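structure04.cif follows (mmCIF, C-alpha atoms, pLDDT in the B column; chains and numbers go by the auth columns):
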```cif
data_run
loop_
_atom_site.group_PDB
_atom_site.id
_atom_site.type_symbol
_atom_site.label_atom_id
_atom_site.label_comp_id
_atom_site.label_asym_id
_atom_site.label_seq_id
_atom_site.Cartn_x
_atom_site.Cartn_y
_atom_site.Cartn_z
_atom_site.B_iso_or_equiv
_atom_site.auth_seq_id
_atom_site.auth_asym_id
ATOM 1 C CA MET A 1 77.111 -31.592 -89.772 90.00 1 A
ATOM 2 C CA GLU A 2 73.653 -32.906 -89.039 92.00 2 A
ATOM 3 C CA PRO A 3 73.389 -36.618 -88.126 95.00 3 A
ATOM 4 C CA LEU A 4 72.627 -38.861 -91.094 95.00 4 A
ATOM 5 C CA SER A 5 70.889 -42.221 -91.301 94.00 5 A
ATOM 6 C CA GLU A 6 71.983 -45.195 -93.377 93.00 6 A
ATOM 7 C CA PRO A 7 69.249 -44.625 -96.002 92.00 7 A
ATOM 8 C CA GLU A 8 70.263 -40.960 -96.322 93.00 8 A
ATOM 9 C CA LEU A 9 73.890 -41.975 -96.825 93.00 9 A
ATOM 10 C CA ARG A 10 72.990 -44.570 -99.445 91.00 10 A
ATOM 11 C CA THR A 11 70.786 -42.081 -101.316 91.00 11 A
ATOM 12 C CA ALA A 12 73.714 -39.623 -101.508 93.00 12 A
ATOM 13 C CA PHE A 13 75.637 -42.126 -103.668 90.00 13 A
ATOM 14 C CA GLU A 14 73.570 -41.972 -106.853 82.00 14 A
ATOM 15 C CA GLY A 15 73.753 -45.268 -108.716 73.00 15 A
ATOM 16 C CA HIS A 16 76.167 -46.857 -106.230 69.00 16 A
ATOM 17 C CA SER A 17 73.957 -47.192 -103.152 63.00 17 A
ATOM 18 C CA LYS A 18 74.173 -51.008 -103.049 72.00 18 A
ATOM 19 C CA ASP A 19 77.978 -50.954 -103.171 79.00 19 A
ATOM 20 C CA VAL A 20 78.433 -48.520 -100.281 90.00 20 A
ATOM 21 C CA PHE A 21 79.790 -49.868 -97.002 93.00 21 A
ATOM 22 C CA VAL A 22 78.167 -47.900 -94.169 93.00 22 A
ATOM 23 C CA PRO A 23 80.020 -47.836 -90.842 94.00 23 A
ATOM 24 C CA ASP A 24 78.489 -47.878 -87.368 94.00 24 A
ATOM 25 C CA LEU A 25 76.794 -44.471 -87.225 95.00 25 A
ATOM 26 C CA THR A 26 76.240 -44.543 -83.447 94.00 26 A
ATOM 27 C CA LYS A 27 79.918 -43.742 -82.819 91.00 27 A
ATOM 28 C CA VAL A 28 80.141 -40.744 -85.152 95.00 28 A
ATOM 29 C CA GLU A 29 80.817 -37.328 -83.588 93.00 29 A
ATOM 30 C CA TRP A 30 78.453 -35.450 -85.923 96.00 30 A
ATOM 31 C CA HIS A 31 78.823 -32.122 -84.106 95.00 31 A
ATOM 32 C CA ALA A 32 82.552 -32.008 -84.986 95.00 32 A
ATOM 33 C CA LEU A 33 82.207 -32.874 -88.693 96.00 33 A
ATOM 34 C CA ASP A 34 82.181 -30.561 -91.692 95.00 34 A
ATOM 35 C CA TYR A 35 81.810 -33.580 -93.986 96.00 35 A
ATOM 36 C CA PHE A 36 81.474 -37.286 -93.237 97.00 36 A
ATOM 37 C CA GLY A 37 84.373 -39.401 -94.472 96.00 37 A
ATOM 38 C CA TRP A 38 85.151 -43.060 -93.785 96.00 38 A
ATOM 39 C CA ILE A 39 87.207 -45.961 -95.072 96.00 39 A
ATOM 40 C CA HIS A 40 85.990 -49.362 -96.280 95.00 40 A
ATOM 41 C CA PRO A 41 87.322 -52.216 -94.077 94.00 41 A
ATOM 42 C CA GLY A 42 89.286 -53.507 -97.081 92.00 42 A
ATOM 43 C CA GLY A 43 91.284 -50.286 -97.006 91.00 43 A
ATOM 44 C CA ASN A 44 91.210 -49.498 -100.712 93.00 44 A
ATOM 45 C CA LEU A 45 88.056 -47.362 -100.798 94.00 45 A
ATOM 46 C CA GLY A 46 87.065 -44.153 -99.094 95.00 46 A
ATOM 47 C CA TYR A 47 83.730 -42.375 -98.971 95.00 47 A
ATOM 48 C CA ILE A 48 82.892 -38.707 -98.506 96.00 48 A
ATOM 49 C CA VAL A 49 79.405 -37.289 -97.945 95.00 49 A
ATOM 50 C CA LEU A 50 78.785 -33.557 -97.740 95.00 50 A
ATOM 51 C CA VAL A 51 76.210 -30.934 -98.493 93.00 51 A
ATOM 52 C CA SER A 52 76.995 -29.549 -101.933 90.00 52 A
ATOM 53 C CA PRO A 53 77.759 -25.819 -101.927 89.00 53 A
ATOM 54 C CA LEU A 54 76.228 -25.623 -105.417 88.00 54 A
ATOM 55 C CA ASP A 55 72.711 -26.929 -104.789 90.00 55 A
ATOM 56 C CA GLY A 56 72.467 -27.717 -101.054 89.00 56 A
ATOM 57 C CA GLN A 57 71.882 -31.421 -101.756 91.00 57 A
ATOM 58 C CA LEU A 58 73.638 -34.273 -99.965 94.00 58 A
ATOM 59 C CA LYS A 59 76.335 -35.675 -102.282 94.00 59 A
ATOM 60 C CA GLY A 60 78.372 -38.841 -101.871 93.00 60 A
ATOM 61 C CA THR A 61 81.704 -39.517 -103.531 92.00 61 A
ATOM 62 C CA LEU A 62 83.437 -42.877 -103.844 93.00 62 A
ATOM 63 C CA LEU A 63 87.235 -42.588 -103.699 94.00 63 A
ATOM 64 C CA ARG A 64 90.035 -45.017 -104.458 94.00 64 A
ATOM 65 C CA ARG A 65 92.708 -45.016 -101.752 94.00 65 A
ATOM 66 C CA SER A 66 96.369 -45.760 -102.383 90.00 66 A
ATOM 67 C CA ARG A 67 98.826 -45.729 -99.539 76.00 67 A
ATOM 68 C CA LEU A 68 101.867 -43.620 -100.207 67.00 68 A
ATOM 69 C CA SER A 69 105.026 -45.665 -99.845 67.00 69 A
ATOM 70 C CA ASN A 70 107.302 -43.482 -97.811 62.00 70 A
ATOM 71 C CA ASN A 71 110.369 -45.337 -96.600 66.00 71 A
ATOM 72 C CA HIS A 72 112.388 -42.298 -95.690 65.00 72 A
ATOM 73 C CA PRO A 73 111.950 -40.178 -92.583 71.00 73 A
ATOM 74 C CA GLY A 74 110.067 -36.995 -93.091 79.00 74 A
ATOM 75 C CA PHE A 75 106.686 -35.406 -92.791 87.00 75 A
ATOM 76 C CA GLU A 76 103.508 -35.480 -94.869 89.00 76 A
ATOM 77 C CA LEU A 77 100.988 -32.662 -95.305 91.00 77 A
ATOM 78 C CA CYS A 78 97.278 -33.237 -95.833 94.00 78 A
ATOM 79 C CA SER A 79 96.132 -31.048 -98.713 96.00 79 A
ATOM 80 C CA LEU A 80 92.735 -30.430 -97.091 96.00 80 A
ATOM 81 C CA CYS A 81 93.350 -29.720 -93.409 94.00 81 A
ATOM 82 C CA HIS A 82 97.113 -29.000 -93.557 93.00 82 A
ATOM 83 C CA HIS A 83 97.758 -31.425 -90.715 92.00 83 A
ATOM 84 C CA VAL A 84 101.436 -32.366 -90.706 91.00 84 A
ATOM 85 C CA HIS A 85 101.814 -36.120 -90.210 89.00 85 A
ATOM 86 C CA ARG A 86 104.750 -38.360 -89.528 85.00 86 A
ATOM 87 C CA PRO A 87 105.341 -40.891 -92.363 84.00 87 A
ATOM 88 C CA ASN A 88 102.327 -42.950 -93.511 85.00 88 A
ATOM 89 C CA GLY A 89 99.747 -40.552 -92.093 88.00 89 A
ATOM 90 C CA THR A 90 98.337 -39.617 -95.491 92.00 90 A
ATOM 91 C CA ALA A 91 97.141 -41.476 -98.585 93.00 91 A
ATOM 92 C CA MET A 92 96.393 -40.634 -102.197 94.00 92 A
ATOM 93 C CA PHE A 93 92.661 -40.530 -102.836 96.00 93 A
ATOM 94 C CA THR A 94 91.308 -40.380 -106.379 95.00 94 A
ATOM 95 C CA ALA A 95 87.828 -39.572 -107.584 91.00 95 A
ATOM 96 C CA SER A 96 86.966 -40.842 -111.060 87.00 96 A
ATOM 97 C CA TYR A 97 84.466 -39.543 -113.562 84.00 97 A
ATOM 98 C CA SER A 98 83.760 -40.062 -117.235 81.00 98 A
ATOM 99 C CA ASP A 99 83.589 -37.254 -119.764 82.00 99 A
ATOM 100 C CA GLU A 100 82.722 -37.903 -123.407 82.00 100 A
ATOM 101 C CA GLY A 101 83.427 -41.603 -122.969 83.00 101 A
ATOM 102 C CA LYS A 102 86.840 -41.105 -121.394 87.00 102 A
ATOM 103 C CA LEU A 103 87.596 -41.957 -117.783 87.00 103 A
ATOM 104 C CA HIS A 104 89.372 -39.239 -115.785 87.00 104 A
ATOM 105 C CA SER A 105 90.734 -39.242 -112.233 90.00 105 A
ATOM 106 C CA VAL A 106 91.487 -36.349 -109.915 92.00 106 A
ATOM 107 C CA GLY A 107 93.692 -37.182 -106.943 93.00 107 A
ATOM 108 C CA ASN A 108 94.605 -35.528 -103.684 93.00 108 A
ATOM 109 C CA VAL A 109 96.855 -36.388 -100.730 94.00 109 A
ATOM 110 C CA VAL A 110 94.616 -36.442 -97.648 95.00 110 A
ATOM 111 C CA CYS A 111 94.661 -37.755 -94.065 94.00 111 A
ATOM 112 C CA LYS A 112 94.575 -41.548 -94.517 94.00 112 A
ATOM 113 C CA ASN A 113 91.298 -41.971 -92.581 95.00 113 A
ATOM 114 C CA LEU A 114 89.488 -38.924 -94.039 96.00 114 A
ATOM 115 C CA ASP A 115 89.263 -37.460 -90.527 95.00 115 A
ATOM 116 C CA CYS A 116 90.329 -33.886 -91.303 95.00 116 A
ATOM 117 C CA SER A 117 87.433 -32.264 -89.389 95.00 117 A
ATOM 118 C CA LEU A 118 88.518 -34.008 -86.191 94.00 118 A
ATOM 119 C CA ARG A 119 92.168 -33.120 -86.771 93.00 119 A
ATOM 120 C CA ILE A 120 91.394 -29.421 -87.243 93.00 120 A
ATOM 121 C CA ARG A 121 89.688 -29.430 -83.847 92.00 121 A
ATOM 122 C CA ASN A 122 92.547 -31.413 -82.191 88.00 122 A
ATOM 123 C CA ILE A 123 90.140 -34.201 -81.212 90.00 123 A
ATOM 124 C CA LEU A 124 92.475 -36.918 -82.512 86.00 124 A
ATOM 125 C CA GLU A 125 95.949 -37.854 -81.393 80.00 125 A
ATOM 126 C CA PRO A 126 98.645 -37.269 -82.338 77.00 126 A
ATOM 127 C CA GLU A 127 98.466 -33.535 -82.832 77.00 127 A
ATOM 128 C CA SER A 128 100.052 -31.999 -85.892 77.00 128 A
ATOM 129 C CA CYS A 129 103.837 -31.980 -86.003 75.00 129 A
ATOM 130 C CA MET A 130 103.595 -28.281 -86.795 82.00 130 A
ATOM 131 C CA ASN A 131 101.149 -26.091 -84.897 81.00 131 A
ATOM 132 C CA GLU A 132 99.229 -23.327 -86.642 84.00 132 A
ATOM 133 C CA THR A 133 98.067 -20.127 -85.045 84.00 133 A
ATOM 134 C CA LEU A 134 94.995 -19.949 -87.274 90.00 134 A
ATOM 135 C CA TYR A 135 91.685 -20.151 -85.435 92.00 135 A
ATOM 136 C CA VAL A 136 89.423 -23.160 -86.016 93.00 136 A
ATOM 137 C CA GLU A 137 86.823 -21.357 -88.150 95.00 137 A
ATOM 138 C CA ALA A 138 89.524 -20.232 -90.598 95.00 138 A
ATOM 139 C CA LYS A 139 90.924 -23.762 -90.790 94.00 139 A
ATOM 140 C CA VAL A 140 87.423 -25.106 -91.483 95.00 140 A
ATOM 141 C CA TRP A 141 86.858 -22.534 -94.226 96.00 141 A
ATOM 142 C CA ARG A 142 90.221 -23.352 -95.847 96.00 142 A
ATOM 143 C CA MET A 143 89.517 -27.103 -95.672 96.00 143 A
ATOM 144 C CA GLN A 144 86.026 -26.760 -97.154 95.00 144 A
ATOM 145 C CA LEU A 145 87.335 -24.587 -99.961 95.00 145 A
ATOM 146 C CA ALA A 146 90.024 -27.164 -100.857 95.00 146 A
ATOM 147 C CA LEU A 147 87.531 -30.051 -100.603 95.00 147 A
ATOM 148 C CA HIS A 148 84.958 -28.299 -102.778 94.00 148 A
ATOM 149 C CA LYS A 149 87.581 -27.401 -105.430 94.00 149 A
ATOM 150 C CA TRP A 150 88.794 -31.009 -105.548 92.00 150 A
ATOM 151 C CA LEU A 151 85.335 -32.564 -105.789 91.00 151 A
ATOM 152 C CA LYS A 152 84.152 -29.959 -108.302 91.00 152 A
ATOM 153 C CA ALA A 153 87.176 -30.741 -110.507 90.00 153 A
ATOM 154 C CA ALA A 154 86.103 -34.415 -110.357 89.00 154 A
ATOM 155 C CA ASN A 155 82.478 -33.544 -111.242 85.00 155 A
ATOM 156 C CA CYS A 156 81.308 -34.836 -107.853 83.00 156 A
ATOM 157 C CA LEU A 157 79.387 -31.759 -106.748 77.00 157 A
#
```
In structure tokens, what does this structure look like?
Amino acid sequence: MEPLSEPELRTAFEGHSKDVFVPDLTKVEWHALDYFGWIHPGGNLGYIVLVSPLDGQLKGTLLRRSRLSNNHPGFELCSLCHHVHRPNGTAMFTASYSDEGKLHSVGNVVCKNLDCSLRIRNILEPESCMNETLYVEAKVWRMQLALHKWLKAANCL
């Protein structure tokens, strides 16, 4: 992903630009990102910015984040990058949209910090609890396809 500035990020969130928390962009590893995702310091909001596959424009999506309460031992799978986490490594993210006056939400279980691009490339620790033999480009393609389907279903692209 190409580096983005704060004004570019704010512009991507049509109608919500004032409400967007923008993190410190100097510490972002842009070269390793397929989309830019981050979490609000309060922990209940997530943000995703990506280039839309439909029109090539930069699109921002505001997500609600709910931690999954998992009190039993086991593993969790991110639906985007297929990283297998130990308990509490994922969260439920929902994108909301209105259609004919009704509010709808489309949710997905994703890495709790929206850092799937870094996990696919094994930049973050810990590594997945289950290693894949798929090469990185195939993992990226699979992740982008899942992300685009999710955001399209939520009318975010």
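Nearest to A:Val28 of all the residues A:Ser5, A:Asn131, A:Ser52, A:Ser98 is A:Ser5, based on only C-alpha atoms.
Across the model, the gap from atom CA of A:Met143 to atom CA of A:Tyr47 is 16.7 Å.
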Practice task
List the neighbours of A:His85 out to 10 Å using all atoms listed in the file; skip same-chain residues closer than 6 positions along the sequence, and give me the result as a ChimeraX atom specification.
Solution key: /A:74-78,111,126-130
Store the residues picked out above, limited to C-alpha atoms, as a tab-separated table (two decimals), in the frame of the given file.
```tsv
chain	number	residue	atom	x	y	z
A	74	GLY	CA	110.07	-36.99	-93.09
A	75	PHE	CA	106.69	-35.41	-92.79
A	76	GLU	CA	103.51	-35.48	-94.87
A	77	LEU	CA	100.99	-32.66	-95.30
A	78	CYS	CA	97.28	-33.24	-95.83
A	111	CYS	CA	94.66	-37.76	-94.06
A	126	PRO	CA	98.64	-37.27	-82.34
A	127	GLU	CA	98.47	-33.53	-82.83
A	128	SER	CA	100.05	-32.00	-85.89
A	129	CYS	CA	103.84	-31.98	-86.00
A	130	MET	CA	103.60	-28.28	-86.80
```
Practice task
Find the residue from A:Cys81, A:Gly37, A:Leu62, A:Glu14 that sits nearest to A:Leu50; use all atoms listed in the file when measuring.
Solution key: A:Gly37
Exercise for the section: Using atom CA of A:Val109 and atom CA of A:Pro87 as the two end points, give the distance in Å to one decimal. Expected result: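 Pair atom CA of A:Val109 / atom CA of A:Pro87 returns 12.7 Å.
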Handout entry: Two-atom distance - atom CA of A:Leu124, atom CA of A:Phe21 (Å)
Key = 23.2 Å
Practice task
Kindly indicate which residue among A:Asn122, A:Asn108, A:Thr11, A:Gln144 lies nearest to A:Pro53, using all atoms listed in the file for the distances.
Solution key: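 So, comparing all the options, the nearest one is A:Gln144.
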Exercise for the section: Could you tell me which of A:Pro73, A:Gly60, A:Gly89, A:Gly107 comes closest to A:Ala12 if we count all atoms listed in the file? Expected result: A:Gly60
Exercise for the section: Give me the result of the PyMOL selection byres ((chain A and resi 92) around 9) on this file, residue by residue, as a PyMOL selection string. Expected result: chain A and resi 64-68+90-91+93-94+107-112
Practice task
With the file shown as input, list the residues that the PyMOL selection byres ((chain A and resi 106) around 8) selects, as a list in words.
Solution key: Thr94, Ala95, Ser96, His104, Ser105, Gly107, Asn108, Trp150, Ala153 and Ala154 of chain A
Output file for the residues above (C-alpha atoms, as an mmCIF file, keeping the file's coordinate frame):
```cif
data_model
loop_
_atom_site.group_PDB
_atom_site.id
_atom_site.type_symbol
_atom_site.label_atom_id
_atom_site.label_comp_id
_atom_site.auth_asym_id
_atom_site.auth_seq_id
_atom_site.Cartn_x
_atom_site.Cartn_y
_atom_site.Cartn_z
ATOM 1 C CA THR A 94 91.308 -40.380 -106.379
ATOM 2 C CA ALA A 95 87.828 -39.572 -107.584
ATOM 3 C CA SER A 96 86.966 -40.842 -111.060
ATOM 4 C CA HIS A 104 89.372 -39.239 -115.785
ATOM 5 C CA SER A 105 90.734 -39.242 -112.233
ATOM 6 C CA GLY A 107 93.692 -37.182 -106.943
ATOM 7 C CA ASN A 108 94.605 -35.528 -103.684
ATOM 8 C CA TRP A 150 88.794 -31.009 -105.548
ATOM 9 C CA ALA A 153 87.176 -30.741 -110.507
ATOM 10 C CA ALA A 154 86.103 -34.415 -110.357
#
```
Exercise for the section: Name the residues captured by the PyMOL selection byres ((chain A and resi 13) around 10) when it is applied to the shown file; answer as a PyMOL selection string. Expected result: chain A and resi 8-12+14-20+47-49+58-62
Practice task
Find the residues near A:Leu25: any atom within 9 Å, counting all atoms listed in the file, skip ones fewer than 4 places away on the same chain, and give them as a PyMOL selection string.
Solution key: chain A and resi 3-6+29
Please dump the current selection as an mmCIF file, keeping the file's coordinate frame; keep C-alpha atoms.
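See part-v2.cif below for the written result:
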```cif
data_model
loop_
_atom_site.group_PDB
_atom_site.id
_atom_site.type_symbol
_atom_site.label_atom_id
_atom_site.label_comp_id
_atom_site.auth_asym_id
_atom_site.auth_seq_id
_atom_site.Cartn_x
_atom_site.Cartn_y
_atom_site.Cartn_z
ATOM 1 C CA PRO A 3 73.389 -36.618 -88.126
ATOM 2 C CA LEU A 4 72.627 -38.861 -91.094
ATOM 3 C CA SER A 5 70.889 -42.221 -91.301
ATOM 4 C CA GLU A 6 71.983 -45.195 -93.377
ATOM 5 C CA GLU A 29 80.817 -37.328 -83.588
#
```
Problem - A:Lys139, A:Asn113, A:Pro23, A:Glu125 ranked by distance to A:Asn44, top pick (using only C-alpha atoms) - result: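 Going through A:Lys139, A:Asn113, A:Pro23, A:Glu125 one by one, the smallest distance to A:Asn44 is for A:Asn113.
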Exercise for the section: Compare A:Leu80, A:Asp115, A:Ile120, A:Gly42 by their minimum atom-to-atom distance to A:Thr133, counting all atoms listed in the file, and give me the closest one. Expected result: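 Of A:Leu80, A:Asp115, A:Ile120, A:Gly42, the one nearest A:Thr133, counting all atoms listed in the file, is A:Ile120.
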